[in-house]
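As stored in protein-v7.pdb (PDB, C-alpha atoms):
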```pdb
ATOM      1  CA  MET A   1     -22.579 -67.255-240.150
ATOM      2  CA  THR A   2     -24.330 -65.791-237.226
ATOM      3  CA  GLN A   3     -22.606 -65.202-233.897
ATOM      4  CA  PRO A   4     -24.248 -65.192-230.521
ATOM      5  CA  VAL A   5     -24.762 -61.752-229.107
ATOM      6  CA  HIS A   6     -24.084 -61.185-225.400
ATOM      7  CA  VAL A   7     -26.570 -58.859-223.881
ATOM      8  CA  GLU A   8     -26.013 -57.456-220.364
ATOM      9  CA  THR A   9     -28.950 -56.638-218.273
ATOM     10  CA  PHE A  10     -28.965 -54.209-215.333
ATOM     11  CA  SER A  11     -31.271 -54.057-212.411
ATOM     12  CA  PRO A  12     -31.691 -50.991-210.319
ATOM     13  CA  GLU A  13     -29.438 -51.093-207.185
ATOM     14  CA  GLU A  14     -31.329 -51.790-203.980
ATOM     15  CA  PRO A  15     -30.807 -49.204-201.290
ATOM     16  CA  THR A  16     -28.558 -50.326-198.363
ATOM     17  CA  ARG A  17     -30.497 -50.817-195.131
ATOM     18  CA  PRO A  18     -29.071 -48.978-192.178
ATOM     19  CA  ARG A  19     -27.563 -51.334-189.452
ATOM     20  CA  ASP A  20     -29.878 -51.770-186.498
ATOM     21  CA  PRO A  21     -28.199 -50.054-183.488
ATOM     22  CA  ARG A  22     -29.733 -52.655-181.228
ATOM     23  CA  PHE A  23     -27.466 -55.310-182.771
ATOM     24  CA  ARG A  24     -24.326 -53.489-181.668
ATOM     25  CA  ALA A  25     -25.735 -52.941-178.188
ATOM     26  CA  MET A  26     -26.593 -56.641-177.904
ATOM     27  CA  ALA A  27     -23.124 -57.677-179.101
ATOM     28  CA  VAL A  28     -21.431 -55.370-176.605
ATOM     29  CA  SER A  29     -23.722 -56.540-173.810
ATOM     30  CA  GLY A  30     -23.106 -60.209-174.677
ATOM     31  CA  GLY A  31     -19.354 -59.758-174.743
ATOM     32  CA  LEU A  32     -19.449 -57.879-171.452
ATOM     33  CA  ALA A  33     -21.576 -60.618-169.885
ATOM     34  CA  VAL A  34     -19.065 -63.284-170.971
ATOM     35  CA  VAL A  35     -16.192 -61.268-169.486
ATOM     36  CA  LEU A  36     -18.077 -60.677-166.235
ATOM     37  CA  CYS A  37     -19.098 -64.355-165.925
ATOM     38  CA  THR A  38     -15.519 -65.477-166.549
ATOM     39  CA  ALA A  39     -14.211 -63.020-163.975
ATOM     40  CA  ALA A  40     -16.884 -64.064-161.477
ATOM     41  CA  VAL A  41     -16.024 -67.762-161.561
ATOM     42  CA  LEU A  42     -12.322 -66.971-161.256
ATOM     43  CA  LEU A  43     -12.706 -64.540-158.351
ATOM     44  CA  PRO A  44     -11.442 -65.673-154.915
ATOM     45  CA  SER A  45     -14.085 -67.420-152.823
ATOM     46  CA  PRO A  46     -14.496 -66.864-149.028
ATOM     47  CA  TYR A  47     -14.504 -70.633-148.459
ATOM     48  CA  VAL A  48     -12.040 -73.449-147.884
ATOM     49  CA  ILE A  49     -12.353 -76.890-149.426
ATOM     50  CA  GLU A  50     -11.630 -80.007-147.390
ATOM     51  CA  SER A  51     -10.852 -83.164-149.350
ATOM     52  CA  PRO A  52      -9.396 -86.597-148.544
ATOM     53  CA  GLY A  53      -5.626 -86.615-148.125
ATOM     54  CA  PRO A  54      -3.162 -89.531-148.106
ATOM     55  CA  THR A  55      -3.173 -92.246-145.461
ATOM     56  CA  PHE A  56      -0.134 -93.568-143.564
ATOM     57  CA  ASN A  57       0.256 -96.979-141.938
ATOM     58  CA  THR A  58       1.453 -96.316-138.376
ATOM     59  CA  ILE A  59       2.858 -99.868-138.097
ATOM     60  CA  GLY A  60       4.398 -99.714-141.557
ATOM     61  CA  GLU A  61       7.182 -97.758-143.213
ATOM     62  CA  VAL A  62       7.542 -94.287-144.720
ATOM     63  CA  ASP A  63      10.412 -93.754-147.174
ATOM     64  CA  GLY A  64      11.907 -97.095-146.151
ATOM     65  CA  GLN A  65      11.918 -96.285-142.411
ATOM     66  CA  PRO A  66       9.488 -97.568-139.759
ATOM     67  CA  LEU A  67       6.928 -94.859-139.003
ATOM     68  CA  ILE A  68       7.165 -95.836-135.302
ATOM     69  CA  GLN A  69      10.552 -96.840-133.930
ATOM     70  CA  VAL A  70      11.168 -97.979-130.330
ATOM     71  CA  GLU A  71      14.667 -98.029-128.817
ATOM     72  CA  GLY A  72      15.714 -98.997-125.308
ATOM     73  CA  THR A  73      13.177-101.750-124.713
ATOM     74  CA  GLU A  74      11.913-104.860-126.463
ATOM     75  CA  SER A  75       9.619-104.326-129.439
ATOM     76  CA  TYR A  76       7.761-106.601-131.839
ATOM     77  CA  PRO A  77       7.363-105.883-135.580
ATOM     78  CA  PRO A  78       3.582-105.973-136.158
ATOM     79  CA  GLU A  79       1.641-107.073-139.230
ATOM     80  CA  GLY A  80      -1.431-105.565-140.860
ATOM     81  CA  GLU A  81      -2.283-101.902-141.287
ATOM     82  CA  LEU A  82      -3.323 -99.188-138.846
ATOM     83  CA  ASP A  83      -3.725 -96.214-141.169
ATOM     84  CA  LEU A  84      -4.046 -92.651-139.989
ATOM     85  CA  THR A  85      -6.167 -90.555-142.322
ATOM     86  CA  THR A  86      -5.487 -86.972-143.346
ATOM     87  CA  VAL A  87      -7.492 -84.070-144.740
ATOM     88  CA  PHE A  88      -6.193 -81.758-147.458
ATOM     89  CA  VAL A  89      -7.356 -78.152-147.021
ATOM     90  CA  SER A  90      -7.441 -75.757-149.993
ATOM     91  CA  GLY A  91      -8.121 -72.060-149.616
ATOM     92  CA  GLY A  92      -7.602 -69.506-146.873
ATOM     93  CA  PRO A  93      -3.973 -68.784-145.966
ATOM     94  CA  ASN A  94      -2.917 -71.696-148.208
ATOM     95  CA  GLY A  95      -4.011 -69.676-151.272
ATOM     96  CA  PRO A  96      -7.603 -68.762-152.181
ATOM     97  CA  VAL A  97      -9.901 -71.024-154.164
ATOM     98  CA  ASN A  98     -12.084 -69.487-156.860
ATOM     99  CA  VAL A  99     -15.850 -69.630-157.301
ATOM    100  CA  LEU A 100     -15.631 -72.325-159.987
ATOM    101  CA  GLN A 101     -13.592 -74.592-157.677
ATOM    102  CA  THR A 102     -16.067 -73.968-154.868
ATOM    103  CA  PHE A 103     -19.080 -74.967-157.012
ATOM    104  CA  ARG A 104     -17.213 -78.076-158.189
ATOM    105  CA  ALA A 105     -16.469 -79.040-154.562
ATOM    106  CA  TRP A 106     -20.124 -78.494-153.559
ATOM    107  CA  ALA A 107     -21.094 -80.998-156.233
ATOM    108  CA  ASP A 108     -18.472 -83.558-155.132
ATOM    109  CA  PRO A 109     -19.711 -85.863-152.326
ATOM    110  CA  HIS A 110     -16.090 -86.493-151.266
ATOM    111  CA  GLU A 111     -15.329 -82.835-150.555
ATOM    112  CA  THR A 112     -16.656 -80.343-148.023
ATOM    113  CA  VAL A 113     -16.988 -76.576-148.437
ATOM    114  CA  VAL A 114     -16.621 -74.581-145.208
ATOM    115  CA  PRO A 115     -16.682 -70.793-144.656
ATOM    116  CA  GLU A 116     -13.093 -69.635-144.248
ATOM    117  CA  GLN A 117     -13.724 -67.767-140.975
ATOM    118  CA  LEU A 118     -14.846 -71.027-139.300
ATOM    119  CA  VAL A 119     -11.463 -72.613-140.015
ATOM    120  CA  TYR A 120      -8.988 -69.721-139.852
ATOM    121  CA  PRO A 121      -9.289 -66.576-137.714
ATOM    122  CA  GLU A 122      -9.096 -63.353-139.714
ATOM    123  CA  GLY A 123      -5.515 -62.345-140.464
ATOM    124  CA  THR A 124      -4.056 -65.854-140.100
ATOM    125  CA  THR A 125      -1.000 -66.367-142.311
ATOM    126  CA  SER A 126       0.251 -69.553-143.970
ATOM    127  CA  SER A 127       3.373 -69.555-141.763
ATOM    128  CA  GLN A 128       1.167 -69.372-138.646
ATOM    129  CA  VAL A 129      -0.898 -72.318-139.897
ATOM    130  CA  GLU A 130       2.242 -74.374-140.522
ATOM    131  CA  GLU A 131       3.635 -73.525-137.084
ATOM    132  CA  GLN A 132       0.361 -74.343-135.294
ATOM    133  CA  ASN A 133       0.010 -77.647-137.158
ATOM    134  CA  ALA A 134       3.604 -78.607-136.388
ATOM    135  CA  VAL A 135       3.136 -77.862-132.673
ATOM    136  CA  ALA A 136      -0.141 -79.815-132.619
ATOM    137  CA  MET A 137       1.522 -82.787-134.332
ATOM    138  CA  THR A 138       4.420 -82.837-131.842
ATOM    139  CA  SER A 139       2.005 -82.579-128.917
ATOM    140  CA  SER A 140      -0.200 -85.374-130.312
ATOM    141  CA  GLN A 141       2.819 -87.666-130.697
ATOM    142  CA  GLU A 142       3.930 -87.112-127.085
ATOM    143  CA  SER A 143       0.367 -87.606-125.816
ATOM    144  CA  ALA A 144       0.074 -90.790-127.886
ATOM    145  CA  ILE A 145       3.273 -92.195-126.396
ATOM    146  CA  ALA A 146       2.022 -91.356-122.892
ATOM    147  CA  ALA A 147      -1.399 -92.923-123.568
ATOM    148  CA  ALA A 148       0.190 -96.103-124.945
ATOM    149  CA  LEU A 149       2.555 -96.438-121.986
ATOM    150  CA  SER A 150      -0.334 -95.831-119.558
ATOM    151  CA  HIS A 151      -2.286 -98.591-121.302
ATOM    152  CA  GLU A 152       0.671-100.951-120.906
ATOM    153  CA  GLY A 153       1.232-100.001-117.242
ATOM    154  CA  ILE A 154       4.662 -98.480-117.929
ATOM    155  CA  ASP A 155       5.610 -95.640-115.573
ATOM    156  CA  PHE A 156       6.655 -92.219-116.827
ATOM    157  CA  THR A 157       6.529 -88.656-115.508
ATOM    158  CA  GLU A 158       4.502 -85.751-116.875
ATOM    159  CA  GLU A 159       5.076 -82.126-115.949
ATOM    160  CA  LEU A 160       2.425 -79.485-116.646
ATOM    161  CA  SER A 161       3.397 -75.879-117.286
ATOM    162  CA  VAL A 162       1.497 -72.723-118.213
ATOM    163  CA  ALA A 163       1.702 -72.078-121.966
ATOM    164  CA  GLY A 164      -0.638 -69.064-121.939
ATOM    165  CA  LEU A 165      -3.684 -67.491-120.315
ATOM    166  CA  ALA A 166      -7.190 -67.282-121.755
ATOM    167  CA  THR A 167      -8.971 -63.933-122.086
ATOM    168  CA  GLY A 168     -10.562 -63.020-118.734
ATOM    169  CA  SER A 169      -8.676 -65.842-117.063
ATOM    170  CA  ALA A 170      -9.204 -66.670-113.384
ATOM    171  CA  SER A 171      -5.398 -66.896-113.135
ATOM    172  CA  GLU A 172      -4.711 -63.467-114.630
ATOM    173  CA  GLY A 173      -2.192 -61.596-112.484
ATOM    174  CA  LEU A 174      -1.397 -64.773-110.533
ATOM    175  CA  LEU A 175       0.043 -67.371-112.895
ATOM    176  CA  ARG A 176       2.557 -66.583-115.644
ATOM    177  CA  GLU A 177       3.637 -68.321-118.818
ATOM    178  CA  GLY A 178       6.348 -70.851-117.946
ATOM    179  CA  ASP A 179       5.085 -71.583-114.413
ATOM    180  CA  VAL A 180       5.321 -75.314-113.623
ATOM    181  CA  LEU A 181       2.342 -76.770-111.714
ATOM    182  CA  ARG A 182       3.518 -79.099-108.943
ATOM    183  CA  ALA A 183       0.524 -79.620-106.620
ATOM    184  CA  ILE A 184      -3.082 -78.577-106.080
ATOM    185  CA  ASP A 185      -4.619 -78.565-102.583
ATOM    186  CA  GLY A 186      -1.651 -80.622-101.387
ATOM    187  CA  GLU A 187      -1.983 -83.342-104.054
ATOM    188  CA  ALA A 188       0.864 -83.778-106.526
ATOM    189  CA  ILE A 189      -0.179 -83.034-110.108
ATOM    190  CA  GLY A 190       0.826 -86.140-112.048
ATOM    191  CA  ASN A 191      -1.202 -85.306-115.161
ATOM    192  CA  ILE A 192      -4.065 -83.151-116.372
ATOM    193  CA  GLY A 193      -6.569 -85.647-114.926
ATOM    194  CA  THR A 194      -5.336 -84.860-111.400
ATOM    195  CA  LEU A 195      -5.818 -81.152-112.016
ATOM    196  CA  ARG A 196      -9.323 -81.551-113.436
ATOM    197  CA  SER A 197     -10.432 -83.812-110.572
ATOM    198  CA  ALA A 198      -9.196 -81.381-107.927
ATOM    199  CA  LEU A 199     -10.958 -78.430-109.594
ATOM    200  CA  ARG A 200     -14.182 -80.423-109.848
ATOM    201  CA  GLU A 201     -14.009 -81.423-106.163
ATOM    202  CA  ALA A 202     -13.354 -77.820-105.099
ATOM    203  CA  GLY A 203     -16.645 -76.826-106.754
ATOM    204  CA  GLY A 204     -15.563 -73.253-107.451
ATOM    205  CA  ALA A 205     -13.871 -72.609-104.097
ATOM    206  CA  PRO A 206     -10.313 -71.208-104.103
ATOM    207  CA  VAL A 207      -7.604 -73.821-104.670
ATOM    208  CA  ALA A 208      -4.043 -73.793-103.335
ATOM    209  CA  LEU A 209      -1.456 -74.171-106.080
ATOM    210  CA  SER A 210       2.177 -75.050-105.563
ATOM    211  CA  ILE A 211       4.270 -74.022-108.538
ATOM    212  CA  LEU A 212       7.834 -73.539-109.697
ATOM    213  CA  ARG A 213       8.585 -70.104-111.134
ATOM    214  CA  ASP A 214      12.027 -69.657-112.644
ATOM    215  CA  GLY A 215      13.136 -72.686-110.610
ATOM    216  CA  ALA A 216      11.914 -71.310-107.271
ATOM    217  CA  PRO A 217       8.925 -72.786-105.360
ATOM    218  CA  LEU A 218       5.884 -70.544-104.854
ATOM    219  CA  ASP A 219       2.449 -71.075-103.269
ATOM    220  CA  LEU A 220      -0.627 -69.101-104.314
ATOM    221  CA  SER A 221      -4.423 -69.271-104.269
ATOM    222  CA  VAL A 222      -6.636 -69.132-107.372
ATOM    223  CA  THR A 223     -10.432 -69.028-107.520
ATOM    224  CA  PRO A 224     -11.580 -71.018-110.596
ATOM    225  CA  LYS A 225     -14.307 -69.719-112.909
ATOM    226  CA  GLU A 226     -17.234 -71.845-114.050
ATOM    227  CA  SER A 227     -17.435 -72.441-117.803
ATOM    228  CA  PRO A 228     -20.750 -72.471-119.761
ATOM    229  CA  GLU A 229     -20.491 -76.286-119.690
ATOM    230  CA  GLY A 230     -20.371 -76.288-115.873
ATOM    231  CA  ASP A 231     -16.659 -77.090-115.477
ATOM    232  CA  PHE A 232     -14.414 -75.104-113.129
ATOM    233  CA  GLN A 233     -11.294 -73.810-114.844
ATOM    234  CA  LEU A 234      -8.131 -71.901-114.049
ATOM    235  CA  GLY A 235      -8.261 -70.275-117.478
ATOM    236  CA  ILE A 236      -4.788 -71.382-118.550
ATOM    237  CA  LEU A 237      -3.349 -73.131-121.588
ATOM    238  CA  LEU A 238      -1.225 -76.098-120.553
ATOM    239  CA  ALA A 239       1.900 -77.635-122.042
ATOM    240  CA  SER A 240       3.082 -81.115-121.064
ATOM    241  CA  THR A 241       6.696 -82.204-120.714
ATOM    242  CA  PHE A 242       7.210 -85.969-120.512
ATOM    243  CA  ASP A 243      10.084 -88.116-119.286
ATOM    244  CA  PHE A 244       9.725 -91.591-120.815
ATOM    245  CA  PRO A 245      11.836 -94.633-119.775
ATOM    246  CA  PHE A 246      12.803 -95.390-123.394
ATOM    247  CA  ASP A 247      12.792 -93.666-126.769
ATOM    248  CA  VAL A 248       9.818 -93.728-129.143
ATOM    249  CA  THR A 249      10.388 -91.950-132.456
ATOM    250  CA  ILE A 250       7.540 -91.175-134.853
ATOM    251  CA  GLN A 251       8.824 -90.429-138.343
ATOM    252  CA  LEU A 252       6.232 -88.508-140.344
ATOM    253  CA  ASP A 253       7.037 -85.328-142.251
ATOM    254  CA  ASN A 254       4.772 -82.776-143.948
ATOM    255  CA  VAL A 255       1.722 -83.765-141.890
ATOM    256  CA  GLY A 256       0.390 -81.501-139.136
ATOM    257  CA  GLY A 257      -2.447 -81.251-136.652
ATOM    258  CA  PRO A 258      -3.540 -83.317-133.635
ATOM    259  CA  SER A 259      -5.951 -85.849-135.156
ATOM    260  CA  ALA A 260      -3.447 -88.693-135.659
ATOM    261  CA  GLY A 261      -3.032 -89.214-131.901
ATOM    262  CA  THR A 262      -5.317 -92.235-131.543
ATOM    263  CA  MET A 263      -3.721 -94.138-134.430
ATOM    264  CA  PHE A 264      -0.226 -93.299-133.155
ATOM    265  CA  ALA A 265      -1.174 -94.705-129.729
ATOM    266  CA  LEU A 266      -2.560 -97.908-131.245
ATOM    267  CA  GLY A 267       0.564 -98.289-133.382
ATOM    268  CA  ILE A 268       2.831 -97.882-130.350
ATOM    269  CA  ILE A 269       0.808-100.417-128.341
ATOM    270  CA  ASP A 270       1.043-102.898-131.228
ATOM    271  CA  THR A 271       4.807-102.341-131.476
ATOM    272  CA  LEU A 272       5.347-102.843-127.727
ATOM    273  CA  THR A 273       3.308-106.046-127.443
ATOM    274  CA  GLU A 274       3.604-109.525-128.924
ATOM    275  CA  GLY A 275       1.123-110.574-131.578
ATOM    276  CA  ASP A 276      -0.807-108.419-134.012
ATOM    277  CA  LEU A 277      -3.392-105.948-132.771
ATOM    278  CA  THR A 278      -4.956-105.912-136.241
ATOM    279  CA  GLY A 279      -5.108-109.668-136.720
ATOM    280  CA  GLY A 280      -3.282-108.957-139.983
ATOM    281  CA  ARG A 281      -6.179-106.903-141.333
ATOM    282  CA  HIS A 282      -6.461-103.329-142.628
ATOM    283  CA  PHE A 283      -7.886-100.589-140.382
ATOM    284  CA  ALA A 284      -8.014 -96.814-140.768
ATOM    285  CA  GLY A 285      -9.030 -94.174-138.275
ATOM    286  CA  THR A 286      -8.670 -90.675-136.899
ATOM    287  CA  GLY A 287      -9.029 -88.919-133.568
ATOM    288  CA  THR A 288      -7.142 -86.888-131.005
ATOM    289  CA  ILE A 289      -5.930 -88.346-127.729
ATOM    290  CA  ASP A 290      -4.605 -87.019-124.421
ATOM    291  CA  SER A 291      -1.990 -88.493-122.158
TER     292      SER A 291
END
```
Can the structure in the file be given as structure tokens, please?
Amino acid sequence: MTQPVHVETFSPEEPTRPRDPRFRAMAVSGGLAVVLCTAAVLLPSPYVIESPGPTFNTIGEVDGQPLIQVEGTESYPPEGELDLTTVFVSGGPNGPVNVLQTFRAWADPHETVVPEQLVYPEGTTSSQVEEQNAVAMTSSQESAIAAALSHEGIDFTEELSVAGLATGSASEGLLREGDVLRAIDGEAIGNIGTLRSALREAGGAPVALSILRDGAPLDLSVTPKESPEGDFQLGILLASTFDFPFDVTIQLDNVGGPSAGTMFALGIIDTLTEGDLTGGRHFAGTGTIDS
């Protein structure tokens, strides 16, 4: 009986080719590029992103409470919706946005990308932003109440005081923060409109101001400066203090800024008058307002 015979064959071993050094360089370069690209898109961006925020019905309720509440006079529960719109701002003092978020916002038609320095002065902190927005919201609410009462022919008093002086102010060294403006050229200052009219009529000539400083009356003369727009100004920042004949409370938390004033005023008018300003329909809007 024959048996199969296993025969092994050998082939000469091929020499190992040396690894191309360019391969390692390319791998390192590729990995470094990935790391750099990842870091680049995650780096803080010098922009802020503005996007649509929530809306609030000024003649509706927030957390089960009327957004506008009137006490001390007759009011009428309105129907329909008068929404104030808000804008949500990402970036800046609120926490930086990265490059990837910025590119995504540029591609989104519902968002706007704005250089940070156009929105926030350098060095602005988040606490300063919150404080400024809160002050602007309070001021807009008071101005809205005043505007609504003016529209309805309801009397109230408004007192103007100096809240600060602009750089290079015409009133520097004359007026001080806290001074209450009582009259200009003999005419009682009932509101900011009276002050503006008197300055316009003076045409840049010195004006006589009657003020209260620390409760004591004082008369002084100020020469207004002409602005680039052609207006004559005292160069002061004004604060208004109102005395209304009844209470109007606007209940809206965690929203700041002045741009709800117009919708507040419309909501107050609708609450103070019979019938529905909206005709039962749905409106939304934005805009500042003065007294």
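Comparing A:Pro52, A:Gly235, A:Pro228, A:Pro115 by their smallest distance to A:Gly164, the closest is A:Gly235 (using only C-alpha atoms).
For the pair atom CA of A:Gln69 and atom CA of A:Ala163, the separation is 28.9 Å.
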Applying the PyMOL selection byres ((chain A and resi 258-268) around 10) to the file I just gave you, which residues come out? Please list them as a PyMOL selection string.
chain A and resi 56-60+67-70+75+78+81-87+132-149+151+248-250+255-257+269-273+277-278+283-291
Write out the residues from the selection above, keeping C-alpha atoms, as an mmCIF file, in the coordinates of the input.
```cif
data_model
loop_
_atom_site.group_PDB
_atom_site.id
_atom_site.type_symbol
_atom_site.label_atom_id
_atom_site.label_comp_id
_atom_site.auth_asym_id
_atom_site.auth_seq_id
_atom_site.Cartn_x
_atom_site.Cartn_y
_atom_site.Cartn_z
ATOM 1 C CA PHE A 56 -0.134 -93.568 -143.564
ATOM 2 C CA ASN A 57 0.256 -96.979 -141.938
ATOM 3 C CA THR A 58 1.453 -96.316 -138.376
ATOM 4 C CA ILE A 59 2.858 -99.868 -138.097
ATOM 5 C CA GLY A 60 4.398 -99.714 -141.557
ATOM 6 C CA LEU A 67 6.928 -94.859 -139.003
ATOM 7 C CA ILE A 68 7.165 -95.836 -135.302
ATOM 8 C CA GLN A 69 10.552 -96.840 -133.930
ATOM 9 C CA VAL A 70 11.168 -97.979 -130.330
ATOM 10 C CA SER A 75 9.619 -104.326 -129.439
ATOM 11 C CA PRO A 78 3.582 -105.973 -136.158
ATOM 12 C CA GLU A 81 -2.283 -101.902 -141.287
ATOM 13 C CA LEU A 82 -3.323 -99.188 -138.846
ATOM 14 C CA ASP A 83 -3.725 -96.214 -141.169
ATOM 15 C CA LEU A 84 -4.046 -92.651 -139.989
ATOM 16 C CA THR A 85 -6.167 -90.555 -142.322
ATOM 17 C CA THR A 86 -5.487 -86.972 -143.346
ATOM 18 C CA VAL A 87 -7.492 -84.070 -144.740
ATOM 19 C CA GLN A 132 0.361 -74.343 -135.294
ATOM 20 C CA ASN A 133 0.010 -77.647 -137.158
ATOM 21 C CA ALA A 134 3.604 -78.607 -136.388
ATOM 22 C CA VAL A 135 3.136 -77.862 -132.673
ATOM 23 C CA ALA A 136 -0.141 -79.815 -132.619
ATOM 24 C CA MET A 137 1.522 -82.787 -134.332
ATOM 25 C CA THR A 138 4.420 -82.837 -131.842
ATOM 26 C CA SER A 139 2.005 -82.579 -128.917
ATOM 27 C CA SER A 140 -0.200 -85.374 -130.312
ATOM 28 C CA GLN A 141 2.819 -87.666 -130.697
ATOM 29 C CA GLU A 142 3.930 -87.112 -127.085
ATOM 30 C CA SER A 143 0.367 -87.606 -125.816
ATOM 31 C CA ALA A 144 0.074 -90.790 -127.886
ATOM 32 C CA ILE A 145 3.273 -92.195 -126.396
ATOM 33 C CA ALA A 146 2.022 -91.356 -122.892
ATOM 34 C CA ALA A 147 -1.399 -92.923 -123.568
ATOM 35 C CA ALA A 148 0.190 -96.103 -124.945
ATOM 36 C CA LEU A 149 2.555 -96.438 -121.986
ATOM 37 C CA HIS A 151 -2.286 -98.591 -121.302
ATOM 38 C CA VAL A 248 9.818 -93.728 -129.143
ATOM 39 C CA THR A 249 10.388 -91.950 -132.456
ATOM 40 C CA ILE A 250 7.540 -91.175 -134.853
ATOM 41 C CA VAL A 255 1.722 -83.765 -141.890
ATOM 42 C CA GLY A 256 0.390 -81.501 -139.136
ATOM 43 C CA GLY A 257 -2.447 -81.251 -136.652
ATOM 44 C CA ILE A 269 0.808 -100.417 -128.341
ATOM 45 C CA ASP A 270 1.043 -102.898 -131.228
ATOM 46 C CA THR A 271 4.807 -102.341 -131.476
ATOM 47 C CA LEU A 272 5.347 -102.843 -127.727
ATOM 48 C CA THR A 273 3.308 -106.046 -127.443
ATOM 49 C CA LEU A 277 -3.392 -105.948 -132.771
ATOM 50 C CA THR A 278 -4.956 -105.912 -136.241
ATOM 51 C CA PHE A 283 -7.886 -100.589 -140.382
ATOM 52 C CA ALA A 284 -8.014 -96.814 -140.768
ATOM 53 C CA GLY A 285 -9.030 -94.174 -138.275
ATOM 54 C CA THR A 286 -8.670 -90.675 -136.899
ATOM 55 C CA GLY A 287 -9.029 -88.919 -133.568
ATOM 56 C CA THR A 288 -7.142 -86.888 -131.005
ATOM 57 C CA ILE A 289 -5.930 -88.346 -127.729
ATOM 58 C CA ASP A 290 -4.605 -87.019 -124.421
ATOM 59 C CA SER A 291 -1.990 -88.493 -122.158
#
```
From atom CA of A:Asp108 to atom CA of A:Ser51 the spacing works out at 9.6 Å
One decimal, Å: what's the distance from atom CA of A:Thr73 over to atom CA of A:Glu274, could you say?
13.0 Å
Care to translate the PyMOL selection byres ((chain A and resi 171-185) around 8) into actual residues of this file, as a short mmCIF file (atom, residue, chain, number, x, y, z; two decimals) with C-alpha atoms, in the coordinates of the input?
```
data_model
loop_
_atom_site.label_atom_id
_atom_site.label_comp_id
_atom_site.auth_asym_id
_atom_site.auth_seq_id
_atom_site.Cartn_x
_atom_site.Cartn_y
_atom_site.Cartn_z
CA GLU A 159 5.08 -82.13 -115.95
CA LEU A 160 2.42 -79.48 -116.65
CA SER A 161 3.40 -75.88 -117.29
CA VAL A 162 1.50 -72.72 -118.21
CA ALA A 163 1.70 -72.08 -121.97
CA GLY A 164 -0.64 -69.06 -121.94
CA LEU A 165 -3.68 -67.49 -120.32
CA GLY A 168 -10.56 -63.02 -118.73
CA SER A 169 -8.68 -65.84 -117.06
CA ALA A 170 -9.20 -66.67 -113.38
CA GLY A 186 -1.65 -80.62 -101.39
CA GLU A 187 -1.98 -83.34 -104.05
CA ALA A 188 0.86 -83.78 -106.53
CA ILE A 189 -0.18 -83.03 -110.11
CA LEU A 195 -5.82 -81.15 -112.02
CA ALA A 198 -9.20 -81.38 -107.93
CA VAL A 207 -7.60 -73.82 -104.67
CA ALA A 208 -4.04 -73.79 -103.34
CA LEU A 209 -1.46 -74.17 -106.08
CA SER A 210 2.18 -75.05 -105.56
CA ILE A 211 4.27 -74.02 -108.54
CA LEU A 212 7.83 -73.54 -109.70
CA ARG A 213 8.59 -70.10 -111.13
CA ASP A 214 12.03 -69.66 -112.64
CA LEU A 220 -0.63 -69.10 -104.31
CA VAL A 222 -6.64 -69.13 -107.37
CA THR A 223 -10.43 -69.03 -107.52
CA PRO A 224 -11.58 -71.02 -110.60
CA LEU A 234 -8.13 -71.90 -114.05
CA GLY A 235 -8.26 -70.28 -117.48
CA ILE A 236 -4.79 -71.38 -118.55
#
```
Using only C-alpha atoms, the residue out of A:Asn98, A:Ser240, A:Thr125, A:Thr55 with shortest distance to A:Thr157 is A:Ser240
Just the residues within 9 Å of A:Gly204, please, counting only C-alpha atoms, with nothing from its chain fewer than 4 positions along; format it as a ChimeraX atom specification.
/A:199-200,223-226,231-233
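Proximity to A:Ser126 was assessed for A:Val89, A:Val114, A:Ile49, A:Val99 counting all atoms listed in the file; the smallest distance is recorded for A:Val89.
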For each of A:Glu61, A:Glu130, A:Glu158, A:Glu116, take the minimum atom-to-atom distance to A:Gly91, counting all atoms listed in the file, then give the residue where this is smallest.
A:Glu116
Padding 5 Å on every side, please: axis-aligned box over the listed atoms of stretch 102-121 of chain A, centre and edge lengths to one decimal in Å, as lines of an AutoDock Vina configuration file.
```
center_x = -15.0
center_y = -76.5
center_z = -148.0
size_x = 22.1
size_y = 29.9
size_z = 30.5
```
Close residues, A:Ala105 itself excluded, 10 Å, all atoms listed in the file, min 4 positions apart in chain, as an MDAnalysis selection string:
chainID A and resid 48:51 99:101 109:113
